[in-house]
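Structure file entry.tsv; described as TSV, C-alpha atoms.
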```tsv
chain	number	residue	atom	x	y	z
A	1	MET	CA	164.64	91.31	116.87
A	2	LEU	CA	162.90	88.43	115.13
A	3	ASP	CA	164.42	87.17	111.92
A	4	SER	CA	162.74	84.60	109.73
A	5	ARG	CA	164.49	81.71	111.46
A	6	THR	CA	163.24	82.61	114.93
A	7	ILE	CA	159.73	83.04	113.52
A	8	ALA	CA	159.98	79.58	111.99
A	9	GLN	CA	161.04	78.20	115.35
A	10	VAL	CA	158.34	80.03	117.27
A	11	ALA	CA	155.54	79.34	114.80
A	12	PRO	CA	154.93	75.64	115.54
A	13	GLU	CA	154.22	76.40	119.17
A	14	THR	CA	151.74	79.23	118.51
A	15	ASP	CA	150.08	77.24	115.71
A	16	HIS	CA	148.87	74.48	117.94
A	17	HIS	CA	146.79	76.38	120.43
A	18	GLU	CA	143.28	75.19	121.16
A	19	HIS	CA	140.73	76.03	118.49
A	20	PRO	CA	137.52	74.55	117.07
A	21	PRO	CA	138.14	71.94	114.33
A	22	TYR	CA	136.41	74.08	111.69
A	23	LEU	CA	138.80	77.03	112.11
A	24	ARG	CA	141.11	77.11	109.10
A	25	HIS	CA	144.72	77.84	109.92
A	26	HIS	CA	145.00	80.98	107.83
A	27	PHE	CA	142.41	82.71	110.02
A	28	GLU	CA	143.20	84.18	113.43
A	29	SER	CA	139.81	83.51	114.96
A	30	THR	CA	136.42	82.01	114.12
A	31	GLU	CA	135.00	85.55	114.00
A	32	GLN	CA	137.53	86.55	111.36
A	33	GLN	CA	136.74	83.40	109.40
A	34	ALA	CA	132.99	84.06	109.56
A	35	ASP	CA	133.47	87.73	108.56
A	36	ALA	CA	135.60	86.74	105.57
A	37	ALA	CA	132.98	84.22	104.43
A	38	GLY	CA	130.17	86.73	104.87
A	39	PHE	CA	132.13	89.38	102.94
A	40	ALA	CA	132.75	86.93	100.09
A	41	MET	CA	129.07	85.96	100.03
A	42	TRP	CA	128.08	89.60	99.70
A	43	LEU	CA	130.54	90.09	96.84
A	44	PHE	CA	128.88	87.14	95.08
A	45	LEU	CA	125.44	88.63	95.75
A	46	LEU	CA	126.57	91.95	94.24
A	47	THR	CA	127.45	90.16	90.99
A	48	GLU	CA	123.91	88.75	91.14
A	49	VAL	CA	122.52	92.27	91.65
A	50	MET	CA	124.34	93.36	88.49
A	51	PHE	CA	123.06	90.29	86.61
A	52	PHE	CA	119.41	90.87	87.49
A	53	GLY	CA	119.97	94.64	87.26
A	54	GLY	CA	120.61	94.31	83.51
A	55	LEU	CA	117.28	92.53	83.08
A	56	PHE	CA	115.45	95.12	85.19
A	57	THR	CA	117.00	97.98	83.17
A	58	ALA	CA	116.04	96.33	79.87
A	59	TYR	CA	112.51	95.93	81.21
A	60	LEU	CA	112.29	99.62	82.24
A	61	ILE	CA	113.57	100.87	78.87
A	62	TYR	CA	111.31	98.66	76.76
A	63	ARG	CA	108.34	99.42	78.99
A	64	ASN	CA	108.85	103.13	78.26
A	65	TRP	CA	109.19	102.52	74.54
A	66	TYR	CA	106.25	100.17	74.05
A	67	TYR	CA	104.10	101.24	76.97
A	68	PRO	CA	100.66	100.11	75.59
A	69	ALA	CA	102.08	96.67	74.74
A	70	PHE	CA	103.57	96.25	78.21
A	71	VAL	CA	100.31	97.34	79.86
A	72	ALA	CA	98.34	94.83	77.78
A	73	GLY	CA	100.87	92.11	78.52
A	74	SER	CA	100.82	92.67	82.27
A	75	HIS	CA	97.00	92.48	82.26
A	76	GLN	CA	97.39	88.81	81.32
A	77	LEU	CA	99.04	88.01	84.66
A	78	SER	CA	97.06	86.98	87.71
A	79	ILE	CA	97.55	89.30	90.71
A	80	PRO	CA	96.03	86.73	93.15
A	81	LEU	CA	98.53	84.05	92.02
A	82	GLY	CA	101.43	86.53	92.09
A	83	GLY	CA	100.34	87.82	95.49
A	84	PHE	CA	100.05	84.28	96.85
A	85	ASN	CA	103.55	83.53	95.59
A	86	THR	CA	104.85	86.69	97.29
A	87	LEU	CA	103.25	85.45	100.50
A	88	LEU	CA	104.91	82.03	100.11
A	89	LEU	CA	108.33	83.52	99.39
A	90	ILE	CA	108.26	86.08	102.21
A	91	THR	CA	107.18	83.37	104.64
A	92	SER	CA	110.00	81.13	103.38
A	93	SER	CA	112.45	83.97	104.04
A	94	PHE	CA	111.09	84.16	107.57
A	95	THR	CA	111.47	80.40	108.15
A	96	MET	CA	115.02	80.62	106.74
A	97	ALA	CA	115.86	83.49	109.11
A	98	MET	CA	114.44	81.39	111.97
A	99	GLY	CA	116.61	78.51	110.76
A	100	VAL	CA	119.71	80.70	111.09
A	101	TRP	CA	118.59	81.60	114.60
A	102	CYS	CA	118.11	77.92	115.47
A	103	ALA	CA	121.62	77.14	114.18
A	104	GLU	CA	123.10	80.01	116.18
A	105	THR	CA	121.34	78.89	119.36
A	106	ARG	CA	122.14	75.21	118.62
A	107	ARG	CA	118.58	73.92	118.30
A	108	LYS	CA	118.95	70.95	115.97
A	109	SER	CA	115.32	69.86	115.60
A	110	GLY	CA	114.23	73.50	115.22
A	111	LEU	CA	116.78	74.00	112.45
A	112	VAL	CA	115.66	70.84	110.63
A	113	LEU	CA	112.01	71.95	110.89
A	114	CYS	CA	112.81	75.45	109.59
A	115	LEU	CA	114.81	74.09	106.67
A	116	ILE	CA	112.02	71.64	105.76
A	117	LEU	CA	109.41	74.44	105.92
A	118	THR	CA	111.61	76.66	103.72
A	119	PHE	CA	112.01	73.74	101.31
A	120	ILE	CA	108.24	73.15	101.13
A	121	LEU	CA	107.44	76.85	100.68
A	122	GLY	CA	110.04	77.05	97.89
A	123	ILE	CA	108.48	74.04	96.14
A	124	GLY	CA	105.05	75.68	96.61
A	125	PHE	CA	106.31	78.84	94.92
A	126	LEU	CA	107.57	76.85	91.93
A	127	GLY	CA	104.25	74.96	91.82
A	128	VAL	CA	102.26	78.19	91.50
A	129	LYS	CA	104.77	79.42	88.90
A	130	THR	CA	104.16	76.22	86.92
A	131	VAL	CA	100.41	76.88	86.96
A	132	GLU	CA	101.07	80.38	85.62
A	133	TYR	CA	103.48	79.17	82.93
A	134	ARG	CA	101.01	76.49	81.82
A	135	GLU	CA	98.31	79.13	81.39
A	136	LYS	CA	100.68	81.20	79.19
A	137	LEU	CA	101.40	78.11	77.13
A	138	GLU	CA	97.69	77.38	76.65
A	139	LYS	CA	96.95	80.99	75.64
A	140	HIS	CA	99.93	81.01	73.23
A	141	HIS	CA	101.68	83.75	75.18
A	142	VAL	CA	105.09	82.07	75.15
A	143	PRO	CA	107.41	84.12	72.88
A	144	GLY	CA	108.65	82.34	69.77
A	145	PHE	CA	106.35	79.38	70.43
A	146	HIS	CA	103.17	79.89	68.36
A	147	PHE	CA	102.81	83.36	69.93
A	148	SER	CA	99.29	84.66	69.36
A	149	LEU	CA	98.33	88.35	69.13
A	150	GLN	CA	94.62	87.51	69.53
A	151	SER	CA	94.40	88.55	73.23
A	152	PHE	CA	95.85	91.98	72.42
A	153	THR	CA	94.22	92.86	69.09
A	154	HIS	CA	90.86	91.61	70.40
A	155	PRO	CA	90.91	91.96	74.22
A	156	ASP	CA	88.70	89.58	76.17
A	157	THR	CA	85.76	91.70	77.41
A	158	THR	CA	84.56	89.03	79.86
A	159	ASN	CA	87.81	89.14	81.86
A	160	PRO	CA	87.75	91.96	84.48
A	161	ALA	CA	91.49	92.55	84.05
A	162	THR	CA	91.26	93.18	80.31
A	163	LYS	CA	87.68	94.40	79.79
A	164	ASN	CA	88.75	98.08	79.61
A	165	ASP	CA	91.74	97.39	77.35
A	166	LEU	CA	91.73	99.15	73.99
A	167	PRO	CA	92.55	96.82	71.10
A	168	LEU	CA	96.18	97.25	70.01
A	169	GLY	CA	97.21	97.68	66.38
A	170	ASP	CA	99.20	94.79	64.91
A	171	ASP	CA	102.55	96.61	65.16
A	172	MET	CA	102.12	97.45	68.86
A	173	ALA	CA	100.58	94.04	69.64
A	174	GLN	CA	103.76	92.42	68.30
A	175	HIS	CA	105.72	94.14	71.05
A	176	VAL	CA	103.71	92.27	73.68
A	177	GLU	CA	105.95	89.36	72.71
A	178	LEU	CA	108.84	91.45	74.02
A	179	TYR	CA	107.01	91.89	77.33
A	180	PHE	CA	106.58	88.13	77.62
A	181	SER	CA	110.21	87.53	76.63
A	182	LEU	CA	111.28	89.69	79.54
A	183	TYR	CA	108.62	88.13	81.77
A	184	PHE	CA	109.92	84.63	81.07
A	185	LEU	CA	113.58	85.69	81.27
A	186	MET	CA	113.18	87.44	84.61
A	187	THR	CA	110.81	85.01	86.33
A	188	GLY	CA	112.69	82.10	84.71
A	189	MET	CA	116.09	83.24	85.99
A	190	HIS	CA	114.47	83.80	89.37
A	191	ALA	CA	113.02	80.29	89.25
A	192	VAL	CA	116.45	78.86	88.33
A	193	HIS	CA	117.83	80.52	91.46
A	194	MET	CA	114.96	79.02	93.45
A	195	ILE	CA	115.68	75.53	92.06
A	196	ILE	CA	119.37	75.84	92.95
A	197	GLY	CA	118.38	77.08	96.43
A	198	ILE	CA	115.92	74.21	96.94
A	199	ALA	CA	118.58	71.67	95.89
A	200	ILE	CA	121.03	73.13	98.42
A	201	LEU	CA	118.24	73.13	101.04
A	202	GLY	CA	117.70	69.41	100.46
A	203	PHE	CA	121.40	68.79	101.03
A	204	MET	CA	121.34	71.00	104.15
A	205	ILE	CA	118.39	69.14	105.67
A	206	PHE	CA	120.42	65.90	105.67
A	207	ARG	CA	123.49	67.66	107.03
A	208	ALA	CA	121.44	69.43	109.71
A	209	ARG	CA	119.91	66.12	110.86
A	210	ALA	CA	123.46	64.86	111.37
A	211	GLY	CA	124.08	67.92	113.57
A	212	ALA	CA	126.50	69.63	111.18
A	213	TYR	CA	125.30	73.20	111.78
A	214	THR	CA	124.40	73.14	115.45
A	215	SER	CA	127.88	72.71	116.91
A	216	GLY	CA	128.90	76.36	116.58
A	217	HIS	CA	129.86	76.45	112.90
A	218	VAL	CA	126.91	78.28	111.35
A	219	THR	CA	128.65	79.93	108.36
A	220	PHE	CA	127.09	77.67	105.74
A	221	VAL	CA	123.52	78.14	107.03
A	222	GLU	CA	124.07	81.86	107.45
A	223	ASN	CA	125.46	82.37	103.94
A	224	PHE	CA	122.79	80.20	102.38
A	225	GLY	CA	120.29	82.39	104.26
A	226	LEU	CA	121.81	85.44	102.53
A	227	TYR	CA	121.32	83.75	99.15
A	228	TRP	CA	117.72	82.80	99.91
A	229	HIS	CA	116.84	86.30	101.13
A	230	PHE	CA	118.47	87.75	98.01
A	231	VAL	CA	116.21	85.60	95.82
A	232	ASP	CA	113.28	86.89	97.90
A	233	ILE	CA	114.36	90.50	97.25
A	234	ILE	CA	114.45	89.88	93.48
A	235	TRP	CA	110.84	88.67	93.68
A	236	ILE	CA	109.89	91.70	95.84
A	237	PHE	CA	110.84	93.82	92.79
A	238	LEU	CA	109.59	91.45	90.08
A	239	PHE	CA	106.08	91.26	91.53
A	240	PRO	CA	105.23	94.99	91.33
A	241	LEU	CA	107.12	95.58	88.07
A	242	LEU	CA	105.59	92.68	86.14
A	243	TYR	CA	102.17	92.30	87.76
A	244	LEU	CA	101.10	95.50	89.48
A	245	ILE	CA	102.23	98.82	88.03
A	246	SER	CA	100.06	98.73	84.89
A	247	ARG	CA	96.88	97.52	86.53
A	248	HIS	CA	94.86	100.57	87.61
B	1	MET	CA	139.64	102.20	117.08
B	2	SER	CA	139.78	101.02	120.67
B	3	GLU	CA	140.06	97.34	121.43
B	4	GLN	CA	136.62	97.37	122.96
B	5	ALA	CA	135.04	98.78	119.79
B	6	GLN	CA	136.96	96.25	117.73
B	7	HIS	CA	135.68	93.48	119.93
B	8	ASP	CA	132.09	94.72	119.67
B	9	GLU	CA	132.30	94.84	115.90
B	10	HIS	CA	133.43	91.24	115.73
B	11	ALA	CA	131.09	89.86	118.39
B	12	HIS	CA	128.48	87.70	116.66
B	13	HIS	CA	125.09	89.26	117.16
B	14	ILE	CA	122.15	86.85	117.31
B	15	VAL	CA	118.98	88.53	116.06
B	16	SER	CA	115.96	87.72	118.20
B	17	PRO	CA	112.99	85.82	116.71
B	18	VAL	CA	110.78	88.71	117.87
B	19	VAL	CA	112.55	90.94	115.34
B	20	TYR	CA	112.00	88.33	112.61
B	21	VAL	CA	108.27	88.14	113.41
B	22	ILE	CA	107.94	91.94	113.29
B	23	ILE	CA	109.75	92.04	109.93
B	24	LEU	CA	107.60	89.21	108.55
B	25	PHE	CA	104.47	91.12	109.60
B	26	SER	CA	105.78	94.37	108.05
B	27	LEU	CA	106.60	92.59	104.78
B	28	LEU	CA	103.12	91.06	104.60
B	29	VAL	CA	101.52	94.46	105.29
B	30	GLY	CA	103.72	95.98	102.57
B	31	THR	CA	102.62	93.28	100.11
B	32	ALA	CA	98.93	93.88	100.90
B	33	LEU	CA	99.48	97.64	100.59
B	34	THR	CA	101.19	97.45	97.20
B	35	MET	CA	98.50	95.10	95.84
B	36	TRP	CA	95.75	97.42	97.09
B	37	ALA	CA	97.49	100.54	95.69
B	38	SER	CA	97.89	98.91	92.28
B	39	TYR	CA	94.12	98.89	91.71
B	40	ILE	CA	93.81	102.65	92.33
B	41	ASP	CA	94.70	105.21	89.67
B	42	LEU	CA	97.08	107.55	91.50
B	43	GLY	CA	97.34	109.97	88.57
B	44	GLU	CA	100.26	111.55	86.78
B	45	TRP	CA	102.68	114.41	87.16
B	46	SER	CA	104.23	116.37	84.34
B	47	PRO	CA	107.29	118.26	85.58
B	48	LEU	CA	108.42	119.15	82.04
B	49	PRO	CA	106.51	119.34	78.78
B	50	GLY	CA	106.51	115.89	77.23
B	51	LEU	CA	107.75	114.17	80.38
B	52	VAL	CA	104.98	112.38	82.25
B	53	ILE	CA	105.59	110.57	85.52
B	54	ALA	CA	102.87	108.20	86.69
B	55	TRP	CA	102.53	107.81	90.45
B	56	ASN	CA	101.51	104.14	90.49
B	57	PRO	CA	104.93	102.71	89.58
B	58	ILE	CA	106.65	105.15	91.92
B	59	VAL	CA	104.49	104.11	94.86
B	60	ALA	CA	104.93	100.41	93.98
B	61	LEU	CA	108.72	100.78	93.74
B	62	ALA	CA	108.88	102.82	96.95
B	63	ILE	CA	107.05	100.03	98.81
B	64	ALA	CA	109.29	97.40	97.16
B	65	CYS	CA	112.44	99.35	98.17
B	66	THR	CA	111.17	99.61	101.75
B	67	LYS	CA	110.51	95.86	101.86
B	68	ALA	CA	113.92	95.08	100.35
B	69	THR	CA	115.61	97.38	102.89
B	70	LEU	CA	113.88	95.54	105.76
B	71	VAL	CA	115.03	92.19	104.37
B	72	VAL	CA	118.63	93.41	103.90
B	73	LEU	CA	118.88	95.06	107.32
B	74	PHE	CA	117.22	92.40	109.48
B	75	PHE	CA	116.84	89.05	107.68
B	76	MET	CA	120.30	89.48	106.16
B	77	HIS	CA	121.73	90.92	109.40
B	78	VAL	CA	123.40	93.91	107.73
B	79	LYS	CA	122.27	96.18	110.58
B	80	TYR	CA	124.34	94.01	112.94
B	81	SER	CA	127.24	93.35	110.54
B	82	THR	CA	130.78	94.66	110.41
B	83	LYS	CA	131.53	98.00	108.81
B	84	LEU	CA	133.21	96.12	105.95
B	85	THR	CA	129.95	94.34	105.12
B	86	LYS	CA	127.93	97.56	105.41
B	87	LEU	CA	130.35	99.34	103.10
B	88	THR	CA	130.27	96.44	100.61
B	89	VAL	CA	126.48	96.38	100.49
B	90	GLY	CA	126.23	100.17	100.30
B	91	ALA	CA	128.86	100.44	97.57
B	92	GLY	CA	127.21	97.64	95.59
B	93	PHE	CA	123.76	99.20	95.59
B	94	PHE	CA	125.21	102.64	94.88
B	95	MET	CA	127.06	101.20	91.86
B	96	PHE	CA	123.88	99.46	90.70
B	97	LEU	CA	121.79	102.64	90.99
B	98	THR	CA	124.48	104.64	89.19
B	99	LEU	CA	124.52	102.22	86.27
B	100	VAL	CA	120.73	102.09	86.00
B	101	SER	CA	120.19	105.85	86.30
B	102	MET	CA	122.93	106.72	83.81
B	103	THR	CA	121.56	104.20	81.32
B	104	LEU	CA	118.02	105.52	81.76
B	105	ALA	CA	119.24	109.14	81.57
B	106	ASP	CA	120.82	108.35	78.21
B	107	TYR	CA	117.68	106.70	76.83
B	108	ILE	CA	115.41	109.47	78.13
B	109	SER	CA	117.51	112.41	76.93
B	110	ARG	CA	118.86	111.17	73.60
B	111	ALA	CA	115.74	111.99	71.59
B	112	TRP	CA	114.55	114.78	73.90
B	113	GLY	CA	111.31	116.34	72.72
B	114	SER	CA	110.92	114.13	69.68
B	115	TRP	CA	108.63	111.59	71.27
```
How would this structure read if it were set down as structure tokens?
Amino acid sequence: MLDSRTIAQVAPETDHHEHPPYLRHHFESTEQQADAAGFAMWLFLLTEVMFFGGLFTAYLIYRNWYYPAFVAGSHQLSIPLGGFNTLLLITSSFTMAMGVWCAETRRKSGLVLCLILTFILGIGFLGVKTVEYREKLEKHHVPGFHFSLQSFTHPDTTNPATKNDLPLGDDMAQHVELYFSLYFLMTGMHAVHMIIGIAILGFMIFRARAGAYTSGHVTFVENFGLYWHFVDIIWIFLFPLLYLISRH
Amino acid sequence: MSEQAQHDEHAHHIVSPVVYVIILFSLLVGTALTMWASYIDLGEWSPLPGLVIAWNPIVALAIACTKATLVVLFFMHVKYSTKLTKLTVGAGFFMFLTLVSMTLADYISRAWGSW
């Protein structure tokens, strides 16, 4: 029978078996360590689901209450720009997934290339978003910042997206500001996640060039991949909800 | 659980680039489809007096859910993950859907018939 003293005597011997330098001592194996990290990452992502979920729910409720205002608001967005951004983000998810594969198969230059492509596509997404935000600013569609009801009480008949819009009464037109509040909150929080992701990507590119992720320890790349794909999923829902569903 | 099954669950599965290319292609097709569908009026359905369900948002959300599922299963490796991860993801989304549907059920039913 083992009492605590024999365990203490036996432990030093079993503790010093061969293992990779990145295996922490409280884990039995690298698999267990990677599983624990992946589990923790998913728990973090679930808190993010709840965070964005609140915004999505608010959007759904207000859209049902002030439907004409939300339809008029969404007609101000550009489907080509939103679609192009979806293309950029989905492609960046693909390059990130390929980056994880490169790390797993220990291809250093491939990993660096994939991370740089993901970085560039992420910057491209934010660039298009800036163009869209600037247009809102010019049209006075930024809530609480000289917000103008002009586009909604007198719809622009030369614009194909708004030419069939009925003019809204002043009280309903005011609720378009609510649509844009949610638009800026949701796309803004998404953009903040993108900026954080791009910053981490920049750090990872330097680390990857030094060979940090191609020696068998891929947990960081893999878990960052989970984060990046999660941000992609948020956009997959934002794009139809904000841009598409009120268009026909 | 046998040792073999335990070993299989913990073995790190490397997803092939071919799978990633197929998923990328599917996601791009889904994006094109949802953009195309948004320009068409798909009509409405009234299951109860006063309750009108428009098809356009339902189709758009169905496509979005399909795309998100593809990303979760393949890009995020959940299809090849441990049962713990699968359970975590499943429980999380179930919790999320429960919260959203109960909130919406409250808002929809509170002033039933008076809108």
Per residue of chain B within 6 Å of chain A, what are the shortest atom pair and its distance in Å to one decimal, counting all atoms listed in the file, with rows by chain and residue number, as a Markdown table?
```
| residue | atom | partner | partner_atom | distance |
| --- | --- | --- | --- | --- |
| B:Ser38 | CA | A:Leu244 | CA | 5.5 |
| B:Tyr39 | CA | A:His248 | CA | 4.5 |
| B:Ile40 | CA | A:His248 | CA | 5.3 |
| B:Asp41 | CA | A:His248 | CA | 5.1 |
| B:Asn56 | CA | A:Ile245 | CA | 5.9 |
| B:Pro57 | CA | A:Ile245 | CA | 5.0 |
| B:Ala64 | CA | A:Phe237 | CA | 5.9 |
| B:Ala68 | CA | A:Ile233 | CA | 5.5 |
| B:Phe75 | CA | A:Ala97 | CA | 5.8 |
| B:Met76 | CA | A:Leu226 | CA | 5.6 |
| B:Thr85 | CA | A:Phe39 | CA | 5.8 |
| B:Gly92 | CA | A:Leu46 | CA | 5.9 |
```
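CA of Phe180 in chain A to CA of His141 in chain A spans 7.0 Å [interatomic distance, one decimal].
Candidate residues A:Ala69, A:Leu81, A:Ile195, A:Ala103 were compared for distance to Asp170 in chain A, and the nearest is A:Ala69, using only C-alpha atoms.
We find CA of Thr88 in chain B and CA of Val72 in chain B to be spaced 12.5 Å apart.
CA of Val29 in chain B to CA of Leu121 in chain A spans 19.1 Å [interatomic distance, one decimal].
Take the candidates B:Ile23, B:Leu48, B:Ile63, B:Ala54 and check each one against Trp36 in chain B using all atoms listed in the file; the shortest distance goes to B:Ile63.
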Distance table requested - range 140-218 of chain A against range 107-120 of chain A, cut-off 6 Å, all atoms listed in the file: one row per qualifying residue with the closest atom pair and its distance in Å to one decimal, ordered by chain and rising residue number, as JSON lines.
```
{"residue": "A:Ile198", "atom": "CA", "partner": "A:Phe119", "partner_atom": "CA", "distance": 5.9}
{"residue": "A:Ile205", "atom": "CA", "partner": "A:Val112", "partner_atom": "CA", "distance": 5.9}
{"residue": "A:Thr214", "atom": "CA", "partner": "A:Lys108", "partner_atom": "CA", "distance": 5.9}
```
List the spatial neighbours of Lys129 in chain A as a PDB file with C-alpha atoms, keeping the file's coordinate frame - criterion: any atom at most 10 Å away, all atoms listed in the file, same-chain residues fewer than 6 positions off excluded.
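Result went into part02.pdb, see below:
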```
ATOM      1  CA  LEU A  81      98.530  84.050  92.020  1.00  0.00           C
ATOM      2  CA  GLY A  82     101.430  86.530  92.090  1.00  0.00           C
ATOM      3  CA  ASN A  85     103.550  83.530  95.590  1.00  0.00           C
ATOM      4  CA  ILE A 123     108.480  74.040  96.140  1.00  0.00           C
ATOM      5  CA  GLU A 135      98.310  79.130  81.390  1.00  0.00           C
ATOM      6  CA  THR A 187     110.810  85.010  86.330  1.00  0.00           C
ATOM      7  CA  GLY A 188     112.690  82.100  84.710  1.00  0.00           C
ATOM      8  CA  ALA A 191     113.020  80.290  89.250  1.00  0.00           C
TER       9      ALA A 191
END
```
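Using all atoms listed in the file, the shortest contact distance between Phe51 in chain A and any of B:Thr103, B:Ile58, B:Ser109, B:Phe96 is found at B:Phe96.
Among the candidates B:Val71, B:Ile14, B:Val78, B:Leu42, the one nearest to Ser26 in chain B when counting only C-alpha atoms is B:Val71.
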Quiz prompt | 8 Å contact set for range 79-84 of chain B, all atoms listed in the file, chain neighbours under 2 positions out, as a ChimeraX atom specification | solution = /A:35,39 /B:9-10,13,73-74,77,86-88
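Across A:Leu242, A:Val71, A:Gly216, A:Thr130, the tightest approach to His12 in chain B is made by A:Gly216 when counting all atoms listed in the file.
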The centre and edge lengths of an axis-aligned box containing all atoms of range 23-42 of chain B present in the file, extended by 3 Å on each side, are to be given in Å to one decimal, as lines of an AutoDock Vina configuration file.
```
center_x = 101.8
center_y = 98.4
center_z = 99.8
size_x = 21.9
size_y = 24.3
size_z = 26.3
```
